[in-house]
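Before any comments, here is the structure.
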Amino acid sequence: MTELPRSVTEAAALLRARKTSALELADLALQRSHADRHNAWLHLSDDHARVQARAADARLGAGDAPLLTGIPWACKDIIGTKKIPTTAGSRILEGYIPAYSATVVERLDAQGAVMVGKTNLDEFAMGSSNENSAFGPVKNPWCAERVPGGSSGGSAVAVAAGEVLFALGTDTGGSIRQPAALTGVVGMKPTYGRVPRWGVVAFASSLDQVGPFANTVEDVAIVCEAIFGKDPNDATMVTDFPNDDLRRDLDKGVKGMRIGVPKEYFSVEGMEPGVERAVRDALNVLEREGAKLEEVSLSLTDHGLAVYYIIQPAEASSNLARYDGIRYGLRVEGPDLLETYRRTRGDGFGPEVKRRMILGTYALSAGYYDAYYVKAQKVRTLIKETAGNIGALRPQRGTSGRLAGHRERLPGAHHVPRRGVVRARHSAPPRTTEGESRMKATRRSLTNAKVERIPASGIRRFFDLVSGTEGVISLGVGEPDFITPDRFREAAVRSIKDGKTKYTSNYGIRPLREAISDHTQKLRGVRYDPEREILVTVGVSEAVDLALRATLNDGDEVIIADPSYVAYVPGIVLAGGVPVPVATDERHDFRLRPEDVEGAITSRTRAILIGFPNNPTGAVLTEDDLKGIARLADEHDLLVYADEIYDRLVYGVRHRSIIEFPGMRDRTIYLAGFSKSYAMTGWRVGYACAPAAVIEQMMKIHQYTVMCVPTAGQYAALEALRTGEDEVLRMVGEYDRRRKVMLKRFNDLGLHCFEPRGAFYCFPNITSTGMDDEQFAERLLLEEKVVTVPGSAFGERGRGHVRACYATSLEKIEEAGERIARFVGRA
Ligand code: PLP
């Protein structure tokens, strides 16, 4: 097992079927968590986790274990854990080791769950972006430049990045709900009073609540069942909730359910269009599933934030008075007691915490207490009364994953009310750019939410950085430096002179389809009917897109190698599918191994996308790999997309295609093209070969979107197939010479590089420099003007590597080598 199961329920089933053990799950969770690159963890408790896992295995063996037995989980570091450090994300608690565990932790211990460690958070849970931790910000695993949301960001990220199967967070003003939304996991703030807070570091006591993160709603319900319920140590618990089976009605759906939608929630100032869109999308889903949406009014909504912003800092200032250097954590000695307090608190608290304490102390101070704190309590009661029994969906006021570093303008600006009773003196006016205010006029987002969520290509950013800079050597772009051979260009010119300037058949010109058919027969021994089984496309790019869109239904899972070509994940997502990356690594020559593919197959798997020779690693698959994948495809009735754009660019090995294996022609969409092997990137010609039923559906999309590939390009491609073999061999020979030079250079420099046998990329491991791949690529560009692409642009498993393309002259490769040597020497 290389990845944790998808859910608690799946893991519980595997444990009971003896297909894994609690120890194996704990080891895997620890291994993944130690490798975490999002700063999600503050403390990993290896020994503790293994002791718990062994006990869980014994319990499972005895046969009466609860569902959470042996399940690895993560605990927000504001929840006290006996004998395990608890910092609340603050220097002031550094070194503090509680003498007892919070009730929620004890309850999970009693279930046999395995706590892997403590997760990062905004200091004392004050923040909504996780940039306020004293131990550095947490990054969003989907895009490191974006915040994961806070304050329970570390817990959300640990689940989203597959490091644990569930986590606990706390939510005072959105601290579970927001990071869950921004990292794409399920999170819930339970009703205040249902979960004991005994042993949880207090922030704003009348609002704080512990709650779970997990991958599925069912898992969240399972965790809630474990932690809900009265605790004699917590006097604020509600006592009259029946603690019934929360999962009982889970599969009944929402049909017939009435859902109140407070109209005021959609006119909250500062709500980002992306957030509103996501909420409206969710409402649409509920409606489609049969729920009845009813507009309701919560007329005091506007005052909610004002009240929150009095009560929360007031309670915080009171709760945080206890950190004085005497009882817990940090102590900075002064000449007298008062100075010791001052120094300890001055050094120990971060700026956000100090700001809130000042604001809260002000609201509680003599003369203001009634005007602010008491009044806020009264308004809170009124709000509660108007809410009555309305069950409402509440959009979080916040961001749709804003860029890290774009700090809030004033402490907790996300909480500051428009016409509230508190307004910090130096508050800037609410941030509305011209564009944003124009957007507001439309009320709905102008753009599609699915597309909005897709990040722009990590490669492009590097191209943009170099455009216009003198003396840059680019090993960045994956395209041949050769000009398209003369004969192909002349064929295109001839076609234009002959007046072939009209649309062609949607499928592409007939002679080209015939030539493709002959070519595939000759190279792969497989024949496709030029009439119905071949479609000429705008590069392999369009072919990949058409193949995905024509075959995937919503929620279908597609297995891909990690790392792999940047367009696969967005292509699958846009087609409604779910990409399932399968790790490849240097130890196994970056091959996509059948045993790893098998481990990723679920009942939702629809297809396997094979892009080999691989971009960015240059890896090729062995005959046994292909046989194994073919067997899996057959056994599980899966489609295969075979992107063979680099099929001719192999060195010292023979390329084999999956379509050559028995039965595979009929379940494979074979995709190839002219860009790389024939040096024709700008002509935009590729093709797809597949059973007629598939090509027919792909053709419809193609017909309605691009009609046909530009005519002159088709004639150039035809010439390439007819007479271009010598040119291909000439260029392959040249790439091979360059490959050897670049490979040797990287290895000589101590940047270990596995030998690429295909495509035209080297993928050296740069971790020995102490930099991460983004830093390496960015600094190499700025300091030595050499462009490479960070491996993480191609997937999680690309981290620690950079992609360097050797489709450039030997002279430039040598010069780049000199520059990289200088750079590495300095690092
Ligand atoms: N597939 C892979 C693996 C690629 O690397 C590329 C381009 O870099 C493409 C497809 C797109 O190729 P085309 O130029 O034919 O659209």
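Going through the structure tokens in order, the chains are called A, B, and so on, while each chain numbers its residues from 1 and the ligands are numbered from 1 in the order shown.
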Shell of 8 Å around Asn765 (chain A), only C-alpha atoms, local chain residues under 2 positions omitted, as a PyMOL selection string: chain A and resi 751-753+763+767-768+800-802
Neighbour list for Ala235 (chain A) as a ChimeraX atom specification, cut-off 10 Å, only C-alpha atoms, skip fewer than 5 positions in-chain: /A:193,196-198,230
Around ligand 1, out to 9 Å and counting only C-alpha atoms and all ligand atoms, which residues are there? I want them as a PDB file with C-alpha atoms, in the first residue's frame.
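Written output follows (result.pdb):
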```pdb
ATOM      1  CA  VAL A 477       9.740  24.802 -23.383  1.00  0.00           C
ATOM      2  CA  GLY A 478       9.124  21.262 -24.569  1.00  0.00           C
ATOM      3  CA  GLU A 479       9.558  21.836 -28.259  1.00  0.00           C
ATOM      4  CA  THR A 537      -7.198  16.983 -34.512  1.00  0.00           C
ATOM      5  CA  VAL A 538      -5.652  20.291 -33.536  1.00  0.00           C
ATOM      6  CA  GLY A 539      -2.530  18.743 -32.066  1.00  0.00           C
ATOM      7  CA  VAL A 540      -2.598  15.942 -29.541  1.00  0.00           C
ATOM      8  CA  SER A 541      -3.905  18.597 -27.154  1.00  0.00           C
ATOM      9  CA  GLU A 542      -7.313  18.585 -28.805  1.00  0.00           C
ATOM     10  CA  ALA A 543      -7.234  14.817 -29.189  1.00  0.00           C
ATOM     11  CA  VAL A 544      -6.724  14.361 -25.422  1.00  0.00           C
ATOM     12  CA  SER A 564       2.810  13.671 -15.860  1.00  0.00           C
ATOM     13  CA  TYR A 565       1.926  16.175 -18.552  1.00  0.00           C
ATOM     14  CA  VAL A 566       0.347  19.337 -17.163  1.00  0.00           C
ATOM     15  CA  ALA A 567      -2.807  19.185 -19.276  1.00  0.00           C
ATOM     16  CA  TYR A 568      -4.055  15.836 -18.010  1.00  0.00           C
ATOM     17  CA  GLY A 611       1.452   9.164 -21.338  1.00  0.00           C
ATOM     18  CA  PHE A 612       4.725   7.346 -22.088  1.00  0.00           C
ATOM     19  CA  PRO A 613       7.451   8.181 -23.002  1.00  0.00           C
ATOM     20  CA  ASN A 614       6.684  10.502 -20.186  1.00  0.00           C
ATOM     21  CA  ASN A 615       6.720  14.247 -20.001  1.00  0.00           C
ATOM     22  CA  PRO A 616       8.422  15.376 -17.693  1.00  0.00           C
ATOM     23  CA  ASP A 643      -0.927   9.607 -25.411  1.00  0.00           C
ATOM     24  CA  GLU A 644       1.965   8.565 -27.639  1.00  0.00           C
ATOM     25  CA  ILE A 645       3.104  11.921 -28.852  1.00  0.00           C
ATOM     26  CA  TYR A 646       6.733  10.967 -28.037  1.00  0.00           C
ATOM     27  CA  LEU A 671      -3.424   9.613 -29.563  1.00  0.00           C
ATOM     28  CA  ALA A 672      -0.413  10.739 -31.544  1.00  0.00           C
ATOM     29  CA  GLY A 673       0.771  13.685 -33.570  1.00  0.00           C
ATOM     30  CA  PHE A 674       3.382  15.620 -35.443  1.00  0.00           C
ATOM     31  CA  SER A 675       4.566  18.293 -33.005  1.00  0.00           C
ATOM     32  CA  LYS A 676       7.524  16.528 -31.446  1.00  0.00           C
ATOM     33  CA  MET A 680       5.858  20.684 -36.251  1.00  0.00           C
ATOM     34  CA  THR A 681       4.611  22.274 -33.006  1.00  0.00           C
ATOM     35  CA  GLY A 682       3.239  25.398 -34.678  1.00  0.00           C
ATOM     36  CA  TRP A 683       1.234  23.500 -37.302  1.00  0.00           C
ATOM     37  CA  ARG A 684      -1.143  22.068 -34.729  1.00  0.00           C
ATOM     38  CA  VAL A 685      -1.776  18.631 -36.174  1.00  0.00           C
ATOM     39  CA  GLY A 686      -2.446  15.467 -34.225  1.00  0.00           C
ATOM     40  CA  TYR A 687      -4.833  12.542 -34.476  1.00  0.00           C
ATOM     41  CA  ALA A 759      10.953  12.229 -25.050  1.00  0.00           C
TER      42      ALA A 759
END
```
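Once region 31-43 of chain A and its same-chain neighbours fewer than 4 positions away are set aside, Asp27, Gly117, Lys118, Thr119, Asn120, Val138, Lys139, Gly154 and Glu163 of chain A remain within 6 Å of it when counting only C-alpha atoms.
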Best match for closeness to Ala492 (chain A) among A:Arg453, A:Ala712, A:Ser365, A:Arg819, counting only C-alpha atoms: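 Counting only C-alpha atoms, the residue closest to Ala492 (chain A) is A:Ala712.
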Pick from A:Glu490, A:Asp370, A:Glu586, A:Glu452 nearest to Gly274 (chain A), counting only C-alpha atoms: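 Result for the nearest residue to Gly274 (chain A): A:Glu452.
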DSSP-assigned helix (DSSP H, G or I) members of region 60-264 of chain A, reported as a PyMOL selection string: chain A and resi 60-62+91-93+103-111+123-125+153-160+177-183+217-227+250-252+263-264
Those same residues - C-alpha atoms - I'd like them written as a PDB file, in the first residue's frame.
```
ATOM      1  CA  LEU A  60      -9.123  -5.700  15.856  1.00  0.00           C
ATOM      2  CA  GLY A  61      -7.814  -9.215  16.300  1.00  0.00           C
ATOM      3  CA  ALA A  62     -10.128  -9.672  19.266  1.00  0.00           C
ATOM      4  CA  ARG A  91       5.584  30.956  20.872  1.00  0.00           C
ATOM      5  CA  ILE A  92       4.110  31.626  24.268  1.00  0.00           C
ATOM      6  CA  LEU A  93       3.202  27.966  24.639  1.00  0.00           C
ATOM      7  CA  THR A 103     -12.121  15.007  26.420  1.00  0.00           C
ATOM      8  CA  VAL A 104     -12.384  14.730  22.625  1.00  0.00           C
ATOM      9  CA  VAL A 105      -8.920  13.188  22.457  1.00  0.00           C
ATOM     10  CA  GLU A 106      -9.752  10.785  25.274  1.00  0.00           C
ATOM     11  CA  ARG A 107     -12.887   9.774  23.395  1.00  0.00           C
ATOM     12  CA  LEU A 108     -10.950   9.048  20.214  1.00  0.00           C
ATOM     13  CA  ASP A 109      -8.322   7.197  22.245  1.00  0.00           C
ATOM     14  CA  ALA A 110     -11.115   5.098  23.688  1.00  0.00           C
ATOM     15  CA  GLN A 111     -12.253   4.258  20.153  1.00  0.00           C
ATOM     16  CA  GLU A 123      -1.980  31.519  16.538  1.00  0.00           C
ATOM     17  CA  PHE A 124      -4.676  30.795  19.149  1.00  0.00           C
ATOM     18  CA  ALA A 125      -7.007  30.148  16.194  1.00  0.00           C
ATOM     19  CA  GLY A 153      -5.683  24.926   8.058  1.00  0.00           C
ATOM     20  CA  GLY A 154      -3.135  22.294   9.121  1.00  0.00           C
ATOM     21  CA  SER A 155      -5.883  19.803   9.961  1.00  0.00           C
ATOM     22  CA  ALA A 156      -7.724  20.421   6.683  1.00  0.00           C
ATOM     23  CA  VAL A 157      -4.513  20.097   4.688  1.00  0.00           C
ATOM     24  CA  ALA A 158      -3.452  16.882   6.441  1.00  0.00           C
ATOM     25  CA  VAL A 159      -6.734  15.328   5.263  1.00  0.00           C
ATOM     26  CA  ALA A 160      -6.723  16.923   1.798  1.00  0.00           C
ATOM     27  CA  ARG A 177     -15.809  25.531   7.557  1.00  0.00           C
ATOM     28  CA  GLN A 178     -13.504  27.828   5.642  1.00  0.00           C
ATOM     29  CA  PRO A 179     -10.394  25.607   5.419  1.00  0.00           C
ATOM     30  CA  ALA A 180     -12.603  22.637   4.563  1.00  0.00           C
ATOM     31  CA  ALA A 181     -14.057  24.598   1.649  1.00  0.00           C
ATOM     32  CA  LEU A 182     -10.695  25.880   0.447  1.00  0.00           C
ATOM     33  CA  THR A 183      -9.013  22.487   0.518  1.00  0.00           C
ATOM     34  CA  VAL A 217     -19.858  13.086   4.917  1.00  0.00           C
ATOM     35  CA  GLU A 218     -20.200   9.599   6.322  1.00  0.00           C
ATOM     36  CA  ASP A 219     -16.726   9.795   7.880  1.00  0.00           C
ATOM     37  CA  VAL A 220     -17.617  13.138   9.454  1.00  0.00           C
ATOM     38  CA  ALA A 221     -20.727  11.557  10.940  1.00  0.00           C
ATOM     39  CA  ILE A 222     -18.647   8.680  12.337  1.00  0.00           C
ATOM     40  CA  VAL A 223     -16.242  11.082  14.039  1.00  0.00           C
ATOM     41  CA  CYS A 224     -19.127  13.170  15.382  1.00  0.00           C
ATOM     42  CA  GLU A 225     -20.701  10.072  16.888  1.00  0.00           C
ATOM     43  CA  ALA A 226     -17.422   9.454  18.705  1.00  0.00           C
ATOM     44  CA  ILE A 227     -16.928  12.950  20.104  1.00  0.00           C
ATOM     45  CA  LEU A 250     -27.377   9.462   5.306  1.00  0.00           C
ATOM     46  CA  ASP A 251     -28.439   7.560   2.210  1.00  0.00           C
ATOM     47  CA  LYS A 252     -31.995   8.879   2.246  1.00  0.00           C
ATOM     48  CA  LYS A 263     -31.689  36.361   1.537  1.00  0.00           C
ATOM     49  CA  GLU A 264     -29.427  38.663   3.550  1.00  0.00           C
TER      50      GLU A 264
END
```
Strand (DSSP E) per DSSP on the backbone: members of region 622-747 of chain A, as an NGL selection string: :A and (639-643 or 668-673 or 686-689)
Pro85 (chain A) environment, 9 Å, only C-alpha atoms, sequence neighbours closer than 4 positions dropped, as a PyMOL selection string: chain A and resi 43+77+80-81+93-98+118
For Ser517 (chain A): contacts at 8 Å, only C-alpha atoms, fewer than 6 positions along chain excluded, given as a PyMOL selection string: chain A and resi 527-530+534
I need the chosen residues saved as a short mmCIF file (atom, residue, chain, number, x, y, z; two decimals), in the first residue's frame, with C-alpha atoms.
```cif
data_model
loop_
_atom_site.label_atom_id
_atom_site.label_comp_id
_atom_site.auth_asym_id
_atom_site.auth_seq_id
_atom_site.Cartn_x
_atom_site.Cartn_y
_atom_site.Cartn_z
CA ARG A 527 -5.01 -1.23 -38.50
CA TYR A 528 -7.63 1.53 -38.13
CA ASP A 529 -10.29 2.24 -40.73
CA PRO A 530 -9.53 5.66 -42.29
CA ILE A 534 -9.40 8.11 -37.37
#
```
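Here CA of Asp556 (chain A) stands at a distance of 4.8 Å from CA of Gly577 (chain A).
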Straight-line distance linking CA of Thr87 (chain A) with CA of Leu30 (chain A), stated in Å to one decimal: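 It comes out at 20.2 Å.
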Point-to-point distance in Å for CA of Ser267 (chain A) and CA of Leu382 (chain A):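 Here the two named atoms are 20.4 Å from each other.
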Top pick for closest residue to Pro313 (chain A), considering A:Arg487, A:Arg356, A:Arg648, A:Arg343 and counting only C-alpha atoms: A:Arg356
Residue nearest Pro710 (chain A) among A:Ile509, A:Ile259, A:Leu293, A:Leu729 (counting only C-alpha atoms):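 Counting only C-alpha atoms, the residue closest to Pro710 (chain A) is A:Ile509.
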Residue with smallest distance to Asp736 (chain A) - pool A:Ala690, A:Ala65, A:Val709, A:Ala807, counting only C-alpha atoms: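 Of the candidates, the smallest distance to Asp736 (chain A) is held by A:Ala807.
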